[in-house]
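Data block for target31.tsv (TSV, C-alpha atoms):
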```
chain	number	residue	atom	x	y	z
A	1	MET	CA	44.98	-8.55	30.57
A	2	LYS	CA	45.98	-11.30	28.15
A	3	GLU	CA	43.19	-13.46	29.50
A	4	LYS	CA	40.58	-10.73	28.86
A	5	LEU	CA	42.01	-10.13	25.39
A	6	GLY	CA	41.72	-13.83	24.61
A	7	ILE	CA	38.09	-13.91	25.72
A	8	ALA	CA	37.32	-10.85	23.59
A	9	MET	CA	38.97	-12.42	20.54
A	10	PHE	CA	36.98	-15.62	21.12
A	11	LEU	CA	33.70	-13.69	21.32
A	12	LEU	CA	34.52	-11.77	18.14
A	13	LEU	CA	35.23	-15.06	16.37
A	14	LEU	CA	31.87	-16.47	17.47
A	15	LEU	CA	30.11	-13.32	16.28
A	16	SER	CA	31.87	-13.49	12.92
A	17	VAL	CA	30.85	-17.13	12.39
A	18	SER	CA	27.25	-16.36	13.38
A	19	LEU	CA	27.07	-13.44	10.95
A	20	GLN	CA	28.46	-15.59	8.14
A	21	ASN	CA	25.89	-18.30	8.84
A	22	TYR	CA	23.09	-15.72	8.95
A	23	THR	CA	24.03	-13.98	5.71
A	24	SER	CA	24.69	-17.21	3.81
A	25	ALA	CA	21.49	-18.94	4.92
A	26	GLU	CA	18.84	-19.18	2.19
A	27	PRO	CA	15.31	-18.11	3.13
A	28	GLU	CA	12.84	-20.97	3.32
A	29	ASN	CA	11.34	-19.79	0.03
A	30	LYS	CA	13.04	-16.76	-1.43
A	31	ASN	CA	10.41	-16.48	-4.18
A	32	SER	CA	7.78	-15.71	-1.56
A	33	LEU	CA	9.74	-12.55	-0.70
A	34	MET	CA	9.40	-11.27	-4.28
A	35	THR	CA	6.30	-9.77	-5.85
A	36	PRO	CA	4.50	-11.95	-8.42
A	37	LEU	CA	5.59	-9.65	-11.24
A	38	ALA	CA	9.22	-9.71	-10.05
A	39	GLN	CA	9.12	-13.50	-9.99
A	40	ALA	CA	7.77	-13.54	-13.56
A	41	LYS	CA	10.44	-11.10	-14.75
A	42	SER	CA	13.13	-13.29	-13.20
A	43	GLY	CA	12.06	-16.14	-15.48
A	44	ILE	CA	9.89	-18.19	-13.12
A	45	PRO	CA	7.03	-19.89	-15.05
A	46	ILE	CA	3.70	-18.40	-14.03
A	47	GLU	CA	2.34	-21.70	-12.71
A	48	LYS	CA	5.30	-21.90	-10.28
A	49	ILE	CA	5.02	-18.38	-8.89
A	50	VAL	CA	4.67	-18.35	-5.11
A	51	CYS	CA	2.20	-16.12	-3.31
A	52	LYS	CA	2.43	-15.01	0.29
A	53	GLU	CA	0.55	-17.17	2.73
A	54	GLY	CA	-3.20	-16.73	2.48
A	55	LEU	CA	-3.19	-15.40	-1.11
A	56	GLN	CA	-4.22	-17.14	-4.34
A	57	LEU	CA	-2.41	-16.93	-7.68
A	58	VAL	CA	-4.37	-15.84	-10.76
A	59	MET	CA	-3.49	-14.50	-14.19
A	60	LYS	CA	-4.78	-11.17	-15.47
A	61	LYS	CA	-6.84	-11.89	-18.56
A	62	THR	CA	-5.77	-8.76	-20.46
A	63	ASP	CA	-1.98	-9.04	-20.28
A	64	GLY	CA	-1.21	-12.41	-18.72
A	65	LYS	CA	0.58	-10.93	-15.71
A	66	PRO	CA	0.38	-12.82	-12.39
A	67	ALA	CA	-1.46	-11.47	-9.37
A	68	CYS	CA	-1.82	-12.72	-5.81
A	69	LEU	CA	-5.26	-12.06	-4.37
A	70	LYS	CA	-7.38	-12.90	-1.37
A	71	PRO	CA	-9.39	-16.09	-2.03
A	72	SER	CA	-12.61	-14.18	-1.37
A	73	SER	CA	-11.86	-11.94	-4.36
A	74	VAL	CA	-10.68	-14.56	-6.83
A	75	ALA	CA	-14.01	-16.14	-7.78
A	76	LYS	CA	-15.65	-12.73	-8.30
A	77	LEU	CA	-12.84	-11.45	-10.53
A	78	ILE	CA	-12.82	-14.62	-12.61
A	79	GLU	CA	-16.58	-14.41	-13.03
A	80	ARG	CA	-16.23	-10.77	-14.15
A	81	GLY	CA	-13.56	-11.71	-16.67
A	82	TRP	CA	-10.75	-9.76	-14.99
A	83	ALA	CA	-8.73	-12.88	-14.15
A	84	VAL	CA	-8.38	-16.47	-15.32
A	85	HIS	CA	-7.25	-19.66	-13.62
A	86	VAL	CA	-3.59	-20.63	-13.65
A	87	LEU	CA	-3.20	-24.32	-14.49
A	88	PRO	CA	0.08	-26.24	-14.87
A	89	SER	CA	1.54	-26.58	-18.34
A	90	TYR	CA	-0.01	-29.41	-20.33
A	91	THR	CA	2.34	-32.41	-20.41
A	92	LYS	CA	1.77	-35.02	-23.11
A	93	ASP	CA	3.68	-37.71	-21.23
A	94	GLU	CA	1.43	-37.61	-18.17
A	95	THR	CA	-1.23	-40.27	-17.54
A	96	LYS	CA	-4.39	-39.39	-19.39
A	97	ASN	CA	-7.87	-39.75	-17.94
A	98	SER	CA	-8.89	-42.06	-20.76
A	99	GLU	CA	-6.07	-44.45	-19.83
A	100	ILE	CA	-7.29	-45.10	-16.28
A	101	PHE	CA	-10.94	-45.81	-17.10
A	102	GLU	CA	-12.49	-48.98	-18.41
A	103	THR	CA	-14.01	-48.48	-21.83
A	104	GLY	CA	-17.56	-49.36	-22.72
A	105	PRO	CA	-18.73	-52.39	-24.75
A	106	TYR	CA	-18.57	-50.71	-28.18
A	107	GLN	CA	-15.71	-50.58	-30.66
A	108	THR	CA	-15.30	-47.07	-32.05
A	109	VAL	CA	-14.26	-45.29	-35.21
A	110	THR	CA	-13.07	-41.68	-35.42
A	111	SER	CA	-12.99	-38.93	-38.02
A	112	THR	CA	-12.38	-35.20	-38.31
A	113	GLU	CA	-15.37	-33.27	-39.56
A	114	THR	CA	-15.91	-29.61	-40.40
A	115	TYR	CA	-19.14	-28.61	-38.71
A	116	TYR	CA	-18.84	-24.82	-38.27
A	117	GLU	CA	-17.04	-22.26	-40.44
A	118	ASN	CA	-13.34	-23.09	-40.07
A	119	SER	CA	-13.76	-25.36	-37.05
A	120	THR	CA	-12.92	-29.03	-37.50
A	121	GLY	CA	-14.22	-31.23	-34.72
A	122	PHE	CA	-13.09	-34.68	-33.67
A	123	LEU	CA	-15.90	-37.23	-33.96
A	124	ALA	CA	-16.00	-40.64	-32.30
A	125	ARG	CA	-18.85	-43.15	-32.68
A	126	PRO	CA	-19.58	-46.85	-32.28
A	127	THR	CA	-18.87	-49.06	-35.28
A	128	ASP	CA	-22.14	-50.92	-34.70
A	129	PRO	CA	-25.05	-50.00	-36.99
A	130	GLY	CA	-28.08	-48.24	-35.60
A	131	LYS	CA	-28.91	-44.94	-33.97
A	132	PHE	CA	-27.14	-43.58	-30.92
A	133	THR	CA	-27.68	-40.51	-28.81
A	134	GLY	CA	-25.25	-37.61	-29.06
A	135	ILE	CA	-22.80	-35.71	-26.89
A	136	VAL	CA	-20.96	-32.48	-27.62
A	137	LEU	CA	-17.70	-32.51	-25.68
A	138	ILE	CA	-16.03	-29.16	-24.88
A	139	HIS	CA	-12.30	-28.83	-24.28
A	140	GLU	CA	-10.41	-27.09	-21.49
A	141	TRP	CA	-8.63	-23.78	-22.07
A	142	TRP	CA	-5.78	-25.66	-23.79
A	143	GLY	CA	-7.89	-26.39	-26.87
A	144	LEU	CA	-8.79	-29.59	-28.68
A	145	ASN	CA	-5.73	-31.63	-27.72
A	146	ASP	CA	-5.01	-35.37	-27.73
A	147	ASN	CA	-6.35	-35.90	-24.21
A	148	ILE	CA	-9.76	-34.49	-25.17
A	149	LYS	CA	-9.83	-36.64	-28.30
A	150	GLN	CA	-9.13	-39.74	-26.22
A	151	MET	CA	-11.92	-38.74	-23.86
A	152	ALA	CA	-14.29	-38.52	-26.85
A	153	GLN	CA	-13.38	-42.07	-27.84
A	154	ASN	CA	-13.90	-43.26	-24.29
A	155	LEU	CA	-17.39	-41.77	-24.19
A	156	ALA	CA	-18.24	-43.17	-27.61
A	157	SER	CA	-17.37	-46.67	-26.40
A	158	HIS	CA	-20.31	-46.41	-24.01
A	159	GLY	CA	-22.70	-46.05	-26.95
A	160	TYR	CA	-22.74	-42.39	-28.02
A	161	VAL	CA	-21.91	-40.31	-31.07
A	162	VAL	CA	-19.47	-37.80	-29.60
A	163	LEU	CA	-18.35	-34.61	-31.31
A	164	ALA	CA	-15.45	-32.88	-29.56
A	165	ALA	CA	-16.02	-29.30	-30.63
A	166	ASP	CA	-13.17	-26.90	-31.37
A	167	LEU	CA	-13.78	-23.40	-30.02
A	168	TYR	CA	-10.27	-22.21	-30.94
A	169	ALA	CA	-10.32	-22.92	-34.71
A	170	GLY	CA	-7.50	-25.45	-34.62
A	171	GLN	CA	-5.22	-23.68	-32.16
A	172	VAL	CA	-3.87	-25.63	-29.18
A	173	ALA	CA	-1.84	-24.27	-26.28
A	174	THR	CA	0.68	-26.07	-24.07
A	175	THR	CA	1.57	-23.23	-21.69
A	176	PRO	CA	-0.65	-21.15	-19.40
A	177	ASP	CA	0.24	-17.92	-21.24
A	178	GLY	CA	-0.56	-19.50	-24.60
A	179	ALA	CA	-3.89	-20.72	-23.23
A	180	ARG	CA	-4.62	-17.27	-21.82
A	181	GLN	CA	-4.06	-15.69	-25.24
A	182	LEU	CA	-6.50	-18.12	-26.82
A	183	LEU	CA	-9.02	-17.50	-24.06
A	184	THR	CA	-8.66	-13.72	-24.37
A	185	SER	CA	-9.48	-13.86	-28.09
A	186	PHE	CA	-12.44	-16.17	-27.53
A	187	ASP	CA	-15.81	-14.64	-28.44
A	188	THR	CA	-18.61	-15.97	-26.21
A	189	GLN	CA	-21.38	-15.46	-28.76
A	190	LYS	CA	-19.39	-17.17	-31.49
A	191	GLY	CA	-18.78	-19.96	-29.02
A	192	ILE	CA	-22.54	-20.43	-28.59
A	193	SER	CA	-23.00	-20.47	-32.37
A	194	ASN	CA	-20.18	-22.98	-32.66
A	195	LEU	CA	-21.81	-25.33	-30.15
A	196	GLN	CA	-25.21	-24.87	-31.76
A	197	SER	CA	-23.72	-25.95	-35.09
A	198	ALA	CA	-22.16	-28.95	-33.34
A	199	THR	CA	-25.51	-30.09	-31.96
A	200	GLU	CA	-27.25	-29.52	-35.29
A	201	TYR	CA	-24.52	-31.48	-37.06
A	202	LEU	CA	-25.10	-34.50	-34.84
A	203	VAL	CA	-28.84	-34.32	-35.52
A	204	THR	CA	-28.64	-33.89	-39.29
A	205	GLN	CA	-25.64	-36.10	-40.05
A	206	TYR	CA	-26.07	-38.87	-37.48
A	207	GLY	CA	-29.76	-38.72	-36.62
A	208	VAL	CA	-29.31	-38.36	-32.87
A	209	GLU	CA	-32.57	-37.78	-31.01
A	210	LYS	CA	-31.14	-36.89	-27.59
A	211	LEU	CA	-28.23	-34.56	-26.81
A	212	ALA	CA	-25.99	-33.58	-23.91
A	213	THR	CA	-23.00	-31.28	-23.48
A	214	ILE	CA	-20.02	-31.91	-21.21
A	215	GLY	CA	-16.93	-29.82	-20.51
A	216	TRP	CA	-14.08	-29.24	-18.08
A	217	CYS	CA	-13.01	-25.88	-16.59
A	218	PHE	CA	-13.36	-23.46	-19.55
A	219	GLY	CA	-15.39	-26.18	-21.27
A	220	GLY	CA	-17.52	-26.65	-18.17
A	221	SER	CA	-18.39	-22.97	-18.20
A	222	GLN	CA	-19.26	-23.16	-21.89
A	223	SER	CA	-21.41	-26.24	-21.29
A	224	LEU	CA	-23.48	-24.27	-18.79
A	225	ASN	CA	-23.50	-21.14	-20.96
A	226	TYR	CA	-24.94	-23.14	-23.83
A	227	ALA	CA	-27.71	-24.37	-21.53
A	228	LEU	CA	-28.51	-20.74	-20.71
A	229	SER	CA	-28.56	-19.61	-24.34
A	230	GLY	CA	-32.07	-20.77	-25.17
A	231	ASN	CA	-31.03	-23.95	-26.97
A	232	THR	CA	-32.72	-27.16	-25.88
A	233	LEU	CA	-30.81	-30.15	-24.53
A	234	ASP	CA	-31.49	-33.38	-22.66
A	235	ALA	CA	-28.64	-33.04	-20.16
A	236	THR	CA	-25.83	-30.66	-19.19
A	237	ILE	CA	-22.58	-31.64	-17.44
A	238	LEU	CA	-19.93	-29.29	-16.10
A	239	TYR	CA	-16.69	-30.17	-14.37
A	240	TYR	CA	-15.65	-27.16	-12.23
A	241	GLY	CA	-17.07	-24.66	-14.68
A	242	GLN	CA	-18.07	-21.29	-13.28
A	243	PRO	CA	-21.51	-21.71	-11.65
A	244	VAL	CA	-24.24	-19.16	-12.38
A	245	THR	CA	-26.17	-17.77	-9.44
A	246	ASP	CA	-28.73	-15.68	-11.30
A	247	LYS	CA	-32.16	-17.27	-10.85
A	248	ASP	CA	-33.67	-15.66	-13.94
A	249	LYS	CA	-30.85	-16.95	-16.15
A	250	LEU	CA	-31.12	-20.46	-14.74
A	251	SER	CA	-34.90	-20.54	-15.20
A	252	VAL	CA	-34.55	-21.32	-18.94
A	253	ILE	CA	-33.16	-24.79	-18.14
A	254	HIS	CA	-35.70	-27.63	-18.21
A	255	TRP	CA	-33.42	-30.67	-18.15
A	256	PRO	CA	-31.05	-32.35	-15.65
A	257	ILE	CA	-27.71	-30.86	-14.61
A	258	LEU	CA	-24.64	-32.70	-13.32
A	259	GLY	CA	-21.99	-30.54	-11.63
A	260	ILE	CA	-18.59	-31.74	-10.40
A	261	PHE	CA	-16.54	-29.47	-8.10
A	262	GLY	CA	-13.66	-29.54	-5.63
A	263	GLU	CA	-14.01	-28.42	-2.03
A	264	GLN	CA	-10.62	-26.69	-2.00
A	265	ASP	CA	-11.12	-24.88	-5.29
A	266	GLN	CA	-10.15	-21.31	-4.45
A	267	SER	CA	-11.39	-19.90	-7.74
A	268	ILE	CA	-14.84	-21.49	-7.52
A	269	ILE	CA	-15.69	-21.25	-3.87
A	270	VAL	CA	-17.99	-23.77	-2.20
A	271	GLU	CA	-20.50	-21.05	-1.27
A	272	SER	CA	-21.15	-20.22	-4.93
A	273	VAL	CA	-21.60	-23.92	-5.77
A	274	ASN	CA	-24.06	-24.32	-2.90
A	275	GLN	CA	-25.99	-21.26	-4.07
A	276	PHE	CA	-26.05	-22.66	-7.61
A	277	GLU	CA	-27.49	-25.93	-6.29
A	278	SER	CA	-30.05	-24.15	-4.12
A	279	LEU	CA	-31.34	-22.11	-7.06
A	280	LEU	CA	-31.62	-25.22	-9.23
A	281	ASN	CA	-33.66	-26.85	-6.46
A	282	GLU	CA	-35.88	-23.77	-6.08
A	283	LEU	CA	-36.56	-23.82	-9.82
A	284	GLY	CA	-37.37	-27.51	-9.78
A	285	ILE	CA	-34.46	-28.35	-12.10
A	286	GLU	CA	-33.29	-31.91	-11.56
A	287	ASN	CA	-29.65	-31.83	-10.56
A	288	GLN	CA	-26.76	-33.78	-9.10
A	289	ILE	CA	-24.09	-31.51	-7.61
A	290	TYR	CA	-21.01	-33.13	-6.10
A	291	ILE	CA	-18.31	-31.31	-4.15
A	292	TYR	CA	-15.33	-33.60	-3.59
A	293	PRO	CA	-13.58	-32.99	-0.25
A	294	GLY	CA	-9.86	-32.36	-0.13
A	295	VAL	CA	-9.35	-31.56	-3.82
A	296	GLY	CA	-8.96	-28.29	-5.69
A	297	HIS	CA	-9.61	-26.82	-9.10
A	298	ALA	CA	-8.95	-29.05	-12.12
A	299	PHE	CA	-8.59	-32.16	-9.97
A	300	ALA	CA	-9.59	-34.25	-13.02
A	301	ASN	CA	-6.79	-32.75	-15.14
A	302	PRO	CA	-4.04	-35.41	-15.38
A	303	SER	CA	-1.32	-32.88	-16.19
A	304	GLY	CA	-1.67	-30.81	-13.03
A	305	ALA	CA	-0.52	-30.86	-9.43
A	306	ASN	CA	-4.17	-31.01	-8.29
A	307	TYR	CA	-4.84	-34.27	-10.11
A	308	ALA	CA	-6.78	-36.71	-7.92
A	309	PRO	CA	-7.17	-40.08	-9.70
A	310	GLU	CA	-9.56	-41.74	-7.26
A	311	GLU	CA	-11.91	-38.76	-7.14
A	312	THR	CA	-11.70	-38.51	-10.92
A	313	LYS	CA	-12.66	-42.17	-11.33
A	314	ASP	CA	-15.62	-41.71	-9.02
A	315	ALA	CA	-16.75	-38.57	-10.83
A	316	TRP	CA	-16.48	-40.37	-14.17
A	317	GLN	CA	-18.60	-43.28	-12.93
A	318	LYS	CA	-21.25	-40.77	-11.87
A	319	THR	CA	-20.99	-39.13	-15.29
A	320	VAL	CA	-21.50	-42.42	-17.17
A	321	LEU	CA	-24.52	-43.32	-15.03
A	322	PHE	CA	-25.99	-39.83	-15.43
A	323	LEU	CA	-25.70	-40.02	-19.22
A	324	GLU	CA	-27.19	-43.51	-19.35
A	325	LYS	CA	-30.18	-42.35	-17.33
A	326	HIS	CA	-30.93	-39.21	-19.30
A	327	LEU	CA	-29.84	-40.11	-22.84
A	328	LYS	CA	-30.70	-43.80	-23.06
A	329	GLU	CA	-33.78	-44.39	-20.93
```

Show the structure stored in the file as structure tokens.
Amino acid sequence: MKEKLGIAMFLLLLLSVSLQNYTSAEPENKNSLMTPLAQAKSGIPIEKIVCKEGLQLVMKKTDGKPACLKPSSVAKLIERGWAVHVLPSYTKDETKNSEIFETGPYQTVTSTETYYENSTGFLARPTDPGKFTGIVLIHEWWGLNDNIKQMAQNLASHGYVVLAADLYAGQVATTPDGARQLLTSFDTQKGISNLQSATEYLVTQYGVEKLATIGWCFGGSQSLNYALSGNTLDATILYYGQPVTDKDKLSVIHWPILGIFGEQDQSIIVESVNQFESLLNELGIENQIYIYPGVGHAFANPSGANYAPEETKDAWQKTVLFLEKHLKE
């Protein structure tokens, strides 16, 4: 009897220890068990919210709340304006793109110049006398920050007058929610007028005879939108901007396009990029579309987890060569 009692006590002890271990064990990722909204309410920054496996994190454009969606739905909802990308917070101490590239042969000088209503752009140009072709550079959703200004100087060192336009009237964000608020208040038509004033400013003030636009993410989309607005350019460059797959809209373009995208971008799916390229080919629009394998959205953004330096360097080399061909030859 005592022997059986001892065995029973031993089994109860084992069960007790097992239960304690089970209840005290942390789940592999407890955030993944919470809804996106619950994670946000608990104080988790939106860029660190975890979605269940197979879902993609986006931010609702209207109220900034997080949502986890099927990848097949993300691109469509972003294109419709229901959602926006979620990028990591901008970090000033991170390596900047302009710091990892070799500059061109020209020394540059910079200035701030009011070119449209209350918008002050950042202008960089070679110190050498003579005429140079022009580039309007368009910022990401953060606004006209120091990284974009450095990029303008880098471009100018290759022999261009570069005006980094400001589509946010001096406002700069450093958090995804702050960027979303700026993006939500952005007026597309005013943005087109802003960029038109930027191009006209380069022509009237600096005598440029050829012009291109270039932008990243939000800026990439605006670079393409400007090309579709009826204004004439000599080249258009977009880094993972939203591609347009409407043949009639694209038919107004009569100059070369350079598009840079990431294969693993879940907000701009490869199929839409391929369709964009196919339509450009059908319309006889000269284009160079590159989809970099193994990288996602904003892979050329030095402040984010998707940053891919080698792919960024390669894309930049292609950008410099593209501009030399279409603005200098």

Please check which residues have atoms at most 12 Å from (-8.3, -14.9, -32.1) in the file's coordinates, counting all atoms listed in the file, and write them as a PyMOL selection string. chain A and resi 167-172+178-188+190

Separation of atom CA of Ala83 of chain A from atom CA of Ala173 of chain A in Å: 18.0 Å

Atom CA of Tyr160 of chain A to atom CA of Ala227 of chain A: how many Å, to one decimal? 19.8 Å

Would you pick out the contacts of Gln317 of chain A at 12 Å or less, using all atoms listed in the file, so that residues sharing its chain but fewer than 3 positions from it are not included, and give the list as number ranges by chain? A: 100-104, 155, 158, 260, 310-314, 320-324

Produce a file of the selected residues containing C-alpha atoms, as a CSV table (one decimal), keeping the file's coordinate frame.
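Contents of the output file selection.csv:
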```
chain,number,residue,atom,x,y,z
A,100,ILE,CA,-7.3,-45.1,-16.3
A,101,PHE,CA,-10.9,-45.8,-17.1
A,102,GLU,CA,-12.5,-49.0,-18.4
A,103,THR,CA,-14.0,-48.5,-21.8
A,104,GLY,CA,-17.6,-49.4,-22.7
A,155,LEU,CA,-17.4,-41.8,-24.2
A,158,HIS,CA,-20.3,-46.4,-24.0
A,260,ILE,CA,-18.6,-31.7,-10.4
A,310,GLU,CA,-9.6,-41.7,-7.3
A,311,GLU,CA,-11.9,-38.8,-7.1
A,312,THR,CA,-11.7,-38.5,-10.9
A,313,LYS,CA,-12.7,-42.2,-11.3
A,314,ASP,CA,-15.6,-41.7,-9.0
A,320,VAL,CA,-21.5,-42.4,-17.2
A,321,LEU,CA,-24.5,-43.3,-15.0
A,322,PHE,CA,-26.0,-39.8,-15.4
A,323,LEU,CA,-25.7,-40.0,-19.2
A,324,GLU,CA,-27.2,-43.5,-19.4
```

Please compute the atom CA of Gly130 of chain A-atom CA of Leu195 of chain A distance, one decimal, in Å. 24.4 Å

Restricting the calculation to only C-alpha atoms, which member of A:Leu57, A:Gln275, A:Tyr290, A:His326 is positioned closest to Pro256 of chain A?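 Under the stated criterion, the closest residue is A:His326.
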
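Residue nearest His139 of chain A within the list A:Ser229, A:Ser272, A:Thr35, A:Ser223: A:Ser223 [criterion: smallest interatomic distance, all atoms listed in the file].
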
Could you check which of A:Leu33, A:Ile78, A:Val208, A:Ala198 is closest to Gly241 of chain A, using only C-alpha atoms?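 Looking only at the distances to Gly241 of chain A, the closest residue turns out to be A:Ile78.
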
Nearest to Val74 of chain A by atom-to-atom distance, counting all atoms listed in the file, from A:Gln242, A:Gln150, A:Ser303, A:Asn231: A:Gln242

Spatial neighbours of Leu327 of chain A, max dist 9 Å, only C-alpha atoms, sep filter under 2 positions, as a PyMOL selection string: chain A and resi 133-134+209-212+234-235+322-325+329

For the residues in the current selection, export C-alpha atoms as a short mmCIF file (atom, residue, chain, number, x, y, z; two decimals), in the frame of the given file.
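Final file, out_24.cif:
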```
data_model
loop_
_atom_site.label_atom_id
_atom_site.label_comp_id
_atom_site.auth_asym_id
_atom_site.auth_seq_id
_atom_site.Cartn_x
_atom_site.Cartn_y
_atom_site.Cartn_z
CA THR A 133 -27.68 -40.51 -28.81
CA GLY A 134 -25.25 -37.61 -29.06
CA GLU A 209 -32.57 -37.78 -31.01
CA LYS A 210 -31.14 -36.89 -27.59
CA LEU A 211 -28.23 -34.56 -26.81
CA ALA A 212 -25.99 -33.58 -23.91
CA ASP A 234 -31.49 -33.38 -22.66
CA ALA A 235 -28.64 -33.04 -20.16
CA PHE A 322 -25.99 -39.83 -15.43
CA LEU A 323 -25.70 -40.02 -19.22
CA GLU A 324 -27.19 -43.51 -19.35
CA LYS A 325 -30.18 -42.35 -17.33
CA GLU A 329 -33.78 -44.39 -20.93
#
```

Closest of A:Lys60, A:Lys318, A:Lys48, A:Lys70 to Ala305 of chain A, counting only C-alpha atoms, is A:Lys48

Keeping N, CA and C atoms, write segment 52-68 of chain A of the structure just shown out as a PDB file, in the first residue's frame.
```
ATOM      1  N   LYS A  52       0.098  37.091 -38.617  1.00  0.00           N
ATOM      2  CA  LYS A  52       0.115  35.642 -38.704  1.00  0.00           C
ATOM      3  C   LYS A  52       0.798  35.225 -39.998  1.00  0.00           C
ATOM      4  N   GLU A  53       1.317  34.023 -39.995  1.00  0.00           N
ATOM      5  CA  GLU A  53       2.047  33.532 -41.155  1.00  0.00           C
ATOM      6  C   GLU A  53       1.195  33.615 -42.418  1.00  0.00           C
ATOM      7  N   GLY A  54       1.798  34.148 -43.472  1.00  0.00           N
ATOM      8  CA  GLY A  54       1.097  34.252 -44.750  1.00  0.00           C
ATOM      9  C   GLY A  54       0.391  35.572 -44.976  1.00  0.00           C
ATOM     10  N   LEU A  55       0.389  36.466 -43.964  1.00  0.00           N
ATOM     11  CA  LEU A  55      -0.278  37.757 -44.094  1.00  0.00           C
ATOM     12  C   LEU A  55       0.751  38.881 -44.129  1.00  0.00           C
ATOM     13  N   GLN A  56       0.359  40.011 -44.722  1.00  0.00           N
ATOM     14  CA  GLN A  56       1.247  41.148 -44.920  1.00  0.00           C
ATOM     15  C   GLN A  56       0.719  42.353 -44.145  1.00  0.00           C
ATOM     16  N   LEU A  57       1.614  43.053 -43.457  1.00  0.00           N
ATOM     17  CA  LEU A  57       1.238  44.221 -42.677  1.00  0.00           C
ATOM     18  C   LEU A  57       1.117  45.463 -43.555  1.00  0.00           C
ATOM     19  N   VAL A  58       0.018  46.192 -43.409  1.00  0.00           N
ATOM     20  CA  VAL A  58      -0.157  47.495 -44.053  1.00  0.00           C
ATOM     21  C   VAL A  58      -0.756  48.448 -43.026  1.00  0.00           C
ATOM     22  N   MET A  59      -0.821  49.706 -43.403  1.00  0.00           N
ATOM     23  CA  MET A  59      -1.421  50.730 -42.561  1.00  0.00           C
ATOM     24  C   MET A  59      -2.619  51.334 -43.287  1.00  0.00           C
ATOM     25  N   LYS A  60      -3.754  51.420 -42.610  1.00  0.00           N
ATOM     26  CA  LYS A  60      -4.923  52.053 -43.218  1.00  0.00           C
ATOM     27  C   LYS A  60      -4.634  53.537 -43.419  1.00  0.00           C
ATOM     28  N   LYS A  61      -4.894  54.024 -44.610  1.00  0.00           N
ATOM     29  CA  LYS A  61      -4.539  55.403 -44.940  1.00  0.00           C
ATOM     30  C   LYS A  61      -5.363  56.411 -44.146  1.00  0.00           C
ATOM     31  N   THR A  62      -6.627  56.077 -43.858  1.00  0.00           N
ATOM     32  CA  THR A  62      -7.519  57.047 -43.218  1.00  0.00           C
ATOM     33  C   THR A  62      -7.200  57.301 -41.758  1.00  0.00           C
ATOM     34  N   ASP A  63      -6.912  56.229 -41.005  1.00  0.00           N
ATOM     35  CA  ASP A  63      -6.729  56.394 -39.561  1.00  0.00           C
ATOM     36  C   ASP A  63      -5.397  55.877 -39.030  1.00  0.00           C
ATOM     37  N   GLY A  64      -4.564  55.315 -39.895  1.00  0.00           N
ATOM     38  CA  GLY A  64      -3.256  54.862 -39.450  1.00  0.00           C
ATOM     39  C   GLY A  64      -3.234  53.559 -38.691  1.00  0.00           C
ATOM     40  N   LYS A  65      -4.375  52.860 -38.630  1.00  0.00           N
ATOM     41  CA  LYS A  65      -4.428  51.604 -37.892  1.00  0.00           C
ATOM     42  C   LYS A  65      -3.801  50.478 -38.725  1.00  0.00           C
ATOM     43  N   PRO A  66      -3.164  49.512 -38.046  1.00  0.00           N
ATOM     44  CA  PRO A  66      -2.534  48.402 -38.770  1.00  0.00           C
ATOM     45  C   PRO A  66      -3.563  47.379 -39.231  1.00  0.00           C
ATOM     46  N   ALA A  67      -3.223  46.681 -40.291  1.00  0.00           N
ATOM     47  CA  ALA A  67      -4.074  45.599 -40.793  1.00  0.00           C
ATOM     48  C   ALA A  67      -3.178  44.529 -41.394  1.00  0.00           C
ATOM     49  N   CYS A  68      -3.559  43.279 -41.206  1.00  0.00           N
ATOM     50  CA  CYS A  68      -2.827  42.149 -41.778  1.00  0.00           C
ATOM     51  C   CYS A  68      -3.673  41.536 -42.882  1.00  0.00           C
TER      52      CYS A  68
END
```
